[in-house]
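data23.txt (compact mmCIF, C-alpha atoms)
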# COMPACT_ATOMS: atom_id res chain seq x y z
CA MET O 1 0.00 0.00 0.00
CA PRO O 2 1.36 3.47 -0.80
CA ASP O 3 2.07 5.83 2.09
CA LYS O 4 -0.13 8.55 0.63
CA ALA O 5 -3.09 8.88 -1.65
CA PRO O 6 -2.25 9.28 -5.34
CA GLY O 7 -2.23 12.86 -6.53
CA ASN O 8 -1.87 14.38 -3.05
CA PRO O 9 1.44 16.14 -2.40
CA GLU O 10 3.36 14.83 0.55
CA ARG O 11 3.42 17.19 3.60
CA TYR O 12 5.70 17.26 6.56
CA ASP O 13 5.42 19.19 9.83
CA ASP O 14 8.50 21.28 9.04
CA ASP O 15 7.44 22.07 5.48
CA ALA O 16 4.99 24.91 4.83
CA ARG O 17 5.08 24.64 1.01
CA LEU O 18 3.29 22.54 -1.55
CA SER O 19 5.25 20.25 -3.81
CA ASP O 20 5.04 22.79 -6.63
CA GLY O 21 7.01 25.31 -4.54
CA THR O 22 4.15 27.74 -3.86
CA ALA O 23 3.39 28.95 -0.36
CA SER O 24 0.65 27.12 1.49
CA THR O 25 -2.29 29.25 2.61
CA ALA O 26 -2.76 26.84 5.49
CA GLY O 27 0.76 27.50 6.61
CA LEU O 28 0.15 31.24 6.49
CA ALA O 29 -2.96 30.84 8.59
CA GLU O 30 -1.07 28.83 11.14
CA SER O 31 1.58 31.49 11.63
CA SER O 32 0.77 33.62 14.69
CA PRO O 33 0.06 37.30 14.12
CA ASP O 34 1.56 37.93 17.57
CA ASP O 35 4.91 36.43 16.59
CA ALA O 36 7.53 38.48 18.39
CA ASP O 37 9.75 38.34 15.28
CA ALA O 38 7.11 39.91 13.03
CA PRO O 39 8.19 43.24 11.55
CA GLY O 40 6.87 46.24 13.51
CA LYS O 41 5.68 44.13 16.44
CA THR O 42 5.93 45.96 19.83
CA GLN O 43 6.58 43.70 22.78
CA ARG O 44 4.63 44.42 26.00
CA ASN O 45 6.74 45.06 29.07
CA PRO O 46 5.65 42.46 31.68
CA VAL O 47 6.66 44.78 34.53
CA LEU O 48 4.38 47.55 33.26
CA VAL O 49 1.54 45.06 32.82
CA TRP O 50 2.02 43.90 36.42
CA VAL O 51 2.14 47.48 37.74
CA LYS O 52 -1.02 48.37 35.83
CA GLU O 53 -2.87 45.41 37.32
CA ILE O 54 -1.73 46.28 40.84
CA VAL O 55 -2.79 49.92 40.45
CA THR O 56 -6.19 48.83 39.15
CA VAL O 57 -6.75 46.45 42.08
CA VAL O 58 -5.70 49.11 44.62
CA ALA O 59 -7.93 51.73 43.01
CA ILE O 60 -10.94 49.42 43.11
CA ALA O 61 -10.20 48.54 46.74
CA LEU O 62 -9.98 52.22 47.71
CA VAL O 63 -13.25 53.04 45.97
CA LEU O 64 -15.03 50.13 47.65
CA SER O 65 -13.56 51.06 51.02
CA PHE O 66 -14.69 54.67 50.60
CA LEU O 67 -18.21 53.58 49.65
CA LEU O 68 -18.39 51.25 52.66
CA LYS O 69 -17.11 53.99 54.95
CA THR O 70 -19.55 56.53 53.52
CA PHE O 71 -22.71 54.44 53.44
CA LEU O 72 -22.27 51.32 55.60
CA PHE O 73 -19.38 51.13 58.07
CA ARG O 74 -16.79 53.37 59.68
CA ALA O 75 -13.84 52.60 61.94
CA PHE O 76 -13.17 54.24 65.30
CA TYR O 77 -10.46 54.05 67.94
CA ILE O 78 -11.25 53.67 71.67
CA PRO O 79 -9.04 56.00 73.75
CA SER O 80 -10.57 55.64 77.24
CA GLU O 81 -11.71 53.06 79.79
CA SER O 82 -15.31 54.29 80.07
CA MET O 83 -16.73 51.21 78.28
CA GLU O 84 -14.61 48.49 79.90
CA SER O 85 -14.86 45.58 79.86
CA THR O 86 -17.00 45.69 76.70
CA LEU O 87 -14.45 47.92 74.97
CA ASP O 88 -10.83 48.20 76.07
CA VAL O 89 -8.43 51.07 75.55
CA ASN O 90 -6.87 50.89 72.05
CA ASP O 91 -9.65 48.73 70.61
CA ARG O 92 -10.63 49.46 67.01
CA ILE O 93 -14.32 49.12 66.27
CA PHE O 94 -16.58 49.32 63.23
CA ILE O 95 -19.89 51.11 63.50
CA ASN O 96 -22.99 50.53 61.38
CA LEU O 97 -23.93 53.83 59.74
CA LEU O 98 -27.46 52.59 59.02
CA VAL O 99 -28.35 52.93 62.73
CA PRO O 100 -30.07 55.26 63.43
CA GLY O 101 -31.90 55.59 60.11
CA PRO O 102 -33.03 53.72 58.21
CA PHE O 103 -32.88 51.27 61.14
CA ASP O 104 -34.03 52.36 64.59
CA LEU O 105 -31.99 52.54 67.77
CA SER O 106 -32.66 50.00 70.51
CA ARG O 107 -32.02 50.14 74.22
CA GLY O 108 -28.64 48.57 74.88
CA ASP O 109 -27.05 49.66 71.60
CA VAL O 110 -23.45 50.86 71.88
CA VAL O 111 -23.27 54.08 69.87
CA VAL O 112 -20.62 56.54 68.75
CA PHE O 113 -21.71 60.17 68.73
CA LYS O 114 -20.29 63.61 68.02
CA ASP O 115 -19.38 65.73 71.03
CA THR O 116 -21.65 68.69 70.25
CA GLN O 117 -22.46 69.12 73.97
CA ALA O 118 -18.80 69.79 74.90
CA TRP O 119 -18.51 66.83 77.24
CA LEU O 120 -14.82 66.50 76.44
CA GLU O 121 -12.08 68.86 77.52
CA PRO O 122 -10.64 70.97 74.70
CA VAL O 123 -7.55 69.33 73.24
CA PRO O 124 -4.63 71.51 72.10
CA GLN O 125 -4.06 71.43 68.37
CA LYS O 126 -1.19 69.11 67.54
CA PRO O 127 1.56 70.45 65.28
CA ALA O 128 1.35 69.16 61.75
CA GLY O 129 3.50 66.12 61.08
CA PRO O 130 5.14 64.97 57.84
CA MET O 131 2.85 61.93 57.58
CA ASP O 132 -0.43 63.65 58.46
CA TRP O 133 -1.49 63.65 54.83
CA LEU O 134 -1.17 59.87 54.69
CA ASN O 135 -3.13 59.34 57.91
CA ASP O 136 -5.83 61.74 56.75
CA SER O 137 -6.07 60.02 53.39
CA LEU O 138 -6.36 56.54 54.90
CA GLU O 139 -8.96 57.79 57.37
CA PHE O 140 -10.90 59.45 54.54
CA VAL O 141 -11.24 56.23 52.59
CA GLY O 142 -11.95 54.20 55.73
CA LEU O 143 -8.71 52.24 55.98
CA MET O 144 -7.69 53.88 59.27
CA ALA O 145 -9.74 54.35 62.42
CA ASP O 146 -10.91 57.83 63.38
CA ASN O 147 -8.80 58.73 66.41
CA THR O 148 -9.95 62.32 66.79
CA ASP O 149 -11.17 63.66 70.13
CA GLN O 150 -14.53 64.76 68.74
CA HIS O 151 -16.48 61.55 69.38
CA LEU O 152 -17.61 59.49 72.35
CA VAL O 153 -18.90 55.95 72.75
CA LYS O 154 -21.60 54.94 75.26
CA ARG O 155 -24.53 52.54 75.65
CA VAL O 156 -28.10 53.67 75.05
CA ILE O 157 -30.16 53.19 78.22
CA GLY O 158 -33.19 55.37 77.55
CA LEU O 159 -35.03 56.09 74.29
CA PRO O 160 -37.35 59.04 73.63
CA GLY O 161 -40.20 59.02 76.15
CA ASP O 162 -38.49 56.59 78.55
CA HIS O 163 -38.50 57.30 82.28
CA VAL O 164 -34.99 56.48 83.51
CA SER O 165 -34.05 56.62 87.18
CA CYS O 166 -31.53 55.44 89.73
CA CYS O 167 -31.27 53.87 92.13
CA ASP O 168 -33.46 51.19 93.69
CA ALA O 169 -32.63 49.38 96.95
CA GLN O 170 -30.09 47.26 95.09
CA GLY O 171 -28.47 50.22 93.35
CA ARG O 172 -29.99 49.36 89.97
CA VAL O 173 -31.07 51.64 87.14
CA SER O 174 -34.76 51.44 86.23
CA VAL O 175 -36.41 52.12 82.87
CA ASN O 176 -40.15 52.75 82.84
CA GLY O 177 -40.38 51.29 86.34
CA VAL O 178 -38.48 48.07 85.57
CA PRO O 179 -35.10 47.60 87.37
CA LEU O 180 -32.33 46.43 85.05
CA ASN O 181 -29.93 43.58 85.74
CA GLU O 182 -27.15 45.04 83.58
CA THR O 183 -24.91 42.11 82.71
CA TYR O 184 -22.63 44.32 80.60
CA ILE O 185 -21.42 46.47 83.52
CA ASN O 186 -17.72 46.12 84.32
CA PRO O 187 -17.61 43.28 86.87
CA ALA O 188 -14.34 44.52 88.36
CA GLU O 189 -16.08 47.25 90.39
CA ILE O 190 -19.47 47.72 92.04
CA PRO O 191 -21.05 50.90 90.58
CA GLN O 192 -21.28 53.77 93.05
CA PRO O 193 -24.84 55.13 93.40
CA SER O 194 -25.51 58.27 91.35
CA ALA O 195 -29.10 59.41 91.77
CA PHE O 196 -31.07 60.77 88.81
CA ASP O 197 -34.66 60.75 87.61
CA VAL O 198 -35.34 61.86 84.03
CA VAL O 199 -37.77 61.49 81.16
CA VAL O 200 -36.03 61.37 77.79
CA PRO O 201 -37.31 64.08 75.40
CA GLU O 202 -38.23 63.43 71.79
CA GLY O 203 -35.22 63.22 69.48
CA LYS O 204 -32.80 62.42 72.30
CA VAL O 205 -31.38 59.43 74.22
CA TRP O 206 -29.90 58.82 77.66
CA VAL O 207 -26.49 57.11 77.52
CA MET O 208 -24.19 55.54 80.10
CA GLY O 209 -20.81 53.85 80.06
CA ASP O 210 -20.36 50.20 81.03
CA ASN O 211 -17.51 51.14 83.38
CA ARG O 212 -19.88 53.12 85.58
CA ASN O 213 -17.34 54.43 88.09
CA HIS O 214 -15.10 55.75 85.30
CA SER O 215 -17.58 57.14 82.79
CA ALA O 216 -18.56 60.80 82.54
CA ASP O 217 -21.83 60.07 80.74
CA SER O 218 -25.37 61.50 80.82
CA ARG O 219 -25.34 61.43 84.63
CA ALA O 220 -22.41 63.84 84.79
CA HIS O 221 -23.68 66.37 82.23
CA GLN O 222 -27.26 67.09 83.23
CA GLU O 223 -26.54 70.80 83.28
CA VAL O 224 -26.02 70.67 79.50
CA ASN O 225 -29.03 69.60 77.43
CA GLY O 226 -30.28 67.70 80.47
CA GLY O 227 -27.52 65.16 79.95
CA PHE O 228 -29.24 63.87 76.84
CA ILE O 229 -27.62 63.13 73.48
CA ASN O 230 -29.27 64.31 70.29
CA ILE O 231 -30.09 61.39 68.03
CA ASP O 232 -28.92 63.54 65.11
CA ASP O 233 -25.42 63.52 66.65
CA ILE O 234 -25.17 59.72 66.66
CA GLU O 235 -22.80 58.49 63.94
CA GLY O 236 -23.80 54.84 64.18
CA LYS O 237 -24.09 51.67 66.20
CA ALA O 238 -20.90 49.83 67.18
CA THR O 239 -21.14 46.34 65.73
CA VAL O 240 -17.74 44.64 65.93
CA ILE O 241 -14.33 44.87 67.54
CA ALA O 242 -11.94 44.62 64.58
CA TRP O 243 -8.58 45.02 66.34
CA PRO O 244 -6.62 43.59 68.07
CA VAL O 245 -7.16 40.17 66.54
CA SER O 246 -7.35 38.55 69.97
CA ARG O 247 -10.50 40.59 70.70
CA TRP O 248 -12.41 40.00 67.47
CA THR O 249 -16.08 39.83 68.43
CA ILE O 250 -19.55 41.01 67.45
CA LEU O 251 -20.90 43.48 70.00
CA ASP O 252 -24.12 42.57 71.77
CA ASN O 253 -26.86 45.07 72.67
CA HIS O 254 -28.02 42.72 75.47
CA SER O 255 -31.66 42.85 74.48
CA ASP O 256 -32.41 40.36 77.28
CA VAL O 257 -31.61 43.07 79.84
CA PHE O 258 -34.41 45.27 78.43
CA ARG O 259 -36.83 42.49 77.49
CA ASP O 260 -39.36 43.32 80.22
CA VAL O 261 -39.20 47.10 79.82
CA PRO O 262 -42.58 48.40 78.58
CA LYS O 263 -42.93 50.97 75.84
CA ALA O 264 -42.60 54.59 76.85
CA THR O 265 -45.82 56.37 77.73
CA ALA O 266 -44.56 59.85 78.49
CA THR O 267 -42.69 62.44 76.46
CA LYS O 268 -41.78 66.04 77.00
Represent the supplied structure as structure tokens.
Amino acid sequence: MPDKAPGNPERYDDDARLSDGTASTAGLAESSPDDADAPGKTQRNPVLVWVKEIVTVVAIALVLSFLLKTFLFRAFYIPSESMESTLDVNDRIFINLLVPGPFDLSRGDVVVFKDTQAWLEPVPQKPAGPMDWLNDSLEFVGLMADNTDQHLVKRVIGLPGDHVSCCDAQGRVSVNGVPLNETYINPAEIPQPSAFDVVVPEGKVWVMGDNRNHSADSRAHQEVNGGFINIDDIEGKATVIAWPVSRWTILDNHSDVFRDVPKATATK
């Protein structure tokens, strides 16, 4: 038997021509248009391609981080012991910007709010540092916690209309006549009695720190706005401890503590 069909020119893998010496169109089609040896072909620099991809990924990450920080979450730094042992000094937390509005506040929520009532002592302006621009940029896009002295963090005890008072025979805070067994209070110290009796006005909340003996909260500022915090000043609800890694946890609003508290019946 012949090796090939009669009348068909013999082809080999290393031969791109027909037996009559003319160029094969199949061979031309098989040649790659991206052949690096082709005249006028510009080779792509792999380093530039890699840099472009990295820049694109970083840009997308920054945009997403900014959108999250603007509409969903924001990071804050805890500088004081007023919320121990729920929040320790140097903790970094994320707050949910959707609370309050469109989602409502609840009793027991840990909230971060702007210090529009001047609860904090004025802090001298720090001299500008060479890396301030970097810190400001990272904070702007949400990659660094806000460590300014213009915010505070406390727990919501009374909502608009609530009657909040202290103390009963056991030293407990009561809301709408129901004494609270506050399981979130710092167990290291027994809270010292601090008498008060208030009804929370519309658009405001009554807040207290979990470390009761070391928290200058609504109790200590009743001469200013009655000690109440404007709901409009609340930045959001603290939802998670993000740093340090050893303290990663989702923050609880301890709804069981307020389960038996009836709805408010009085406002002023």
message: Distance cut-off 12 Å, centre (-32.2, 41.2, 73.6) in file coordinates, counting all atoms listed in the file: which residues qualify? Return them as a PyMOL selection string.
response: chain O and resi 106-109+182-183+252-261
field: Surrounding residues of range 187-196 of chain O excluding itself and chain neighbours under 6 positions, 12 Å, all atoms listed in the file, as JSON, numbers by chain
entry: {"O": [83, 84, 85, 86, 163, 164, 165, 166, 167, 168, 169, 170, 171, 172, 173, 174, 175, 206, 208, 209, 210, 211, 212, 213, 214, 215, 216, 217, 218, 219, 220, 221, 222, 226, 227]}
For Gly101 in chain O, work out the shell of residues within 12 Å, counting all atoms listed in the file and skipping chain neighbours fewer than 3 positions away, then give it as a PDB file with C-alpha atoms, keeping the file's coordinate frame.
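Everything below was put into out-v9.pdb:
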ATOM      1  CA  PHE O  71     -22.710  54.440  53.440  1.00  0.00           C
ATOM      2  CA  LEU O  72     -22.270  51.320  55.600  1.00  0.00           C
ATOM      3  CA  ASN O  96     -22.990  50.530  61.380  1.00  0.00           C
ATOM      4  CA  LEU O  97     -23.930  53.830  59.740  1.00  0.00           C
ATOM      5  CA  LEU O  98     -27.460  52.590  59.020  1.00  0.00           C
ATOM      6  CA  ASP O 104     -34.030  52.360  64.590  1.00  0.00           C
ATOM      7  CA  LEU O 105     -31.990  52.540  67.770  1.00  0.00           C
ATOM      8  CA  SER O 106     -32.660  50.000  70.510  1.00  0.00           C
ATOM      9  CA  ILE O 231     -30.090  61.390  68.030  1.00  0.00           C
ATOM     10  CA  ASP O 232     -28.920  63.540  65.110  1.00  0.00           C
ATOM     11  CA  ILE O 234     -25.170  59.720  66.660  1.00  0.00           C
ATOM     12  CA  GLU O 235     -22.800  58.490  63.940  1.00  0.00           C
ATOM     13  CA  GLY O 236     -23.800  54.840  64.180  1.00  0.00           C
ATOM     14  CA  LYS O 237     -24.090  51.670  66.200  1.00  0.00           C
TER      15      LYS O 237
END
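Note that the spacing between CA of His151 in chain O and CA of Asn90 in chain O amounts to 14.6 Å.
When all atoms listed in the file are used to measure the gap to Asp233 in chain O, the shortest distance among O:Ile93, O:Val178, O:Ile54, O:Val112 belongs to O:Val112.
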task: Write out as a list in words each polymer residue whose atoms come within 12 Å of Asn225 in chain O, counting only C-alpha atoms; drop sequence neighbours fewer than 4 positions from it.
output: Thr116, Gln117, Ala118, Trp119, Val198, Val200, Pro201, Gly203, Lys204, Val205, Trp206, Ser218, Arg219, Ala220, His221, Ile229 and Asn230 of chain O
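Restricting the calculation to only C-alpha atoms, the smallest distance between Asn176 in chain O and any of O:Asp197, O:Ser80, O:Lys154, O:Arg74 is found for O:Asp197.
If only C-alpha atoms are the atoms counted, then among O:Leu159, O:Val55, O:Ile185, O:Ile95 the closest residue to Thr265 in chain O is O:Leu159.
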task: Enter the distance from CA of Pro262 in chain O to CA of Val224 in chain O, in Å, rounded to one decimal.
output: 27.8 Å
query: Suppose you want the space between CA of Ile78 in chain O and CA of Val156 in chain O; what is it in Å?
result: 17.2 Å
- prompt: For Ala264 in chain O, which residue among O:Val245, O:Leu180, O:Val51, O:Val199 is the nearest when counting all atoms listed in the file?
  reply: O:Val199
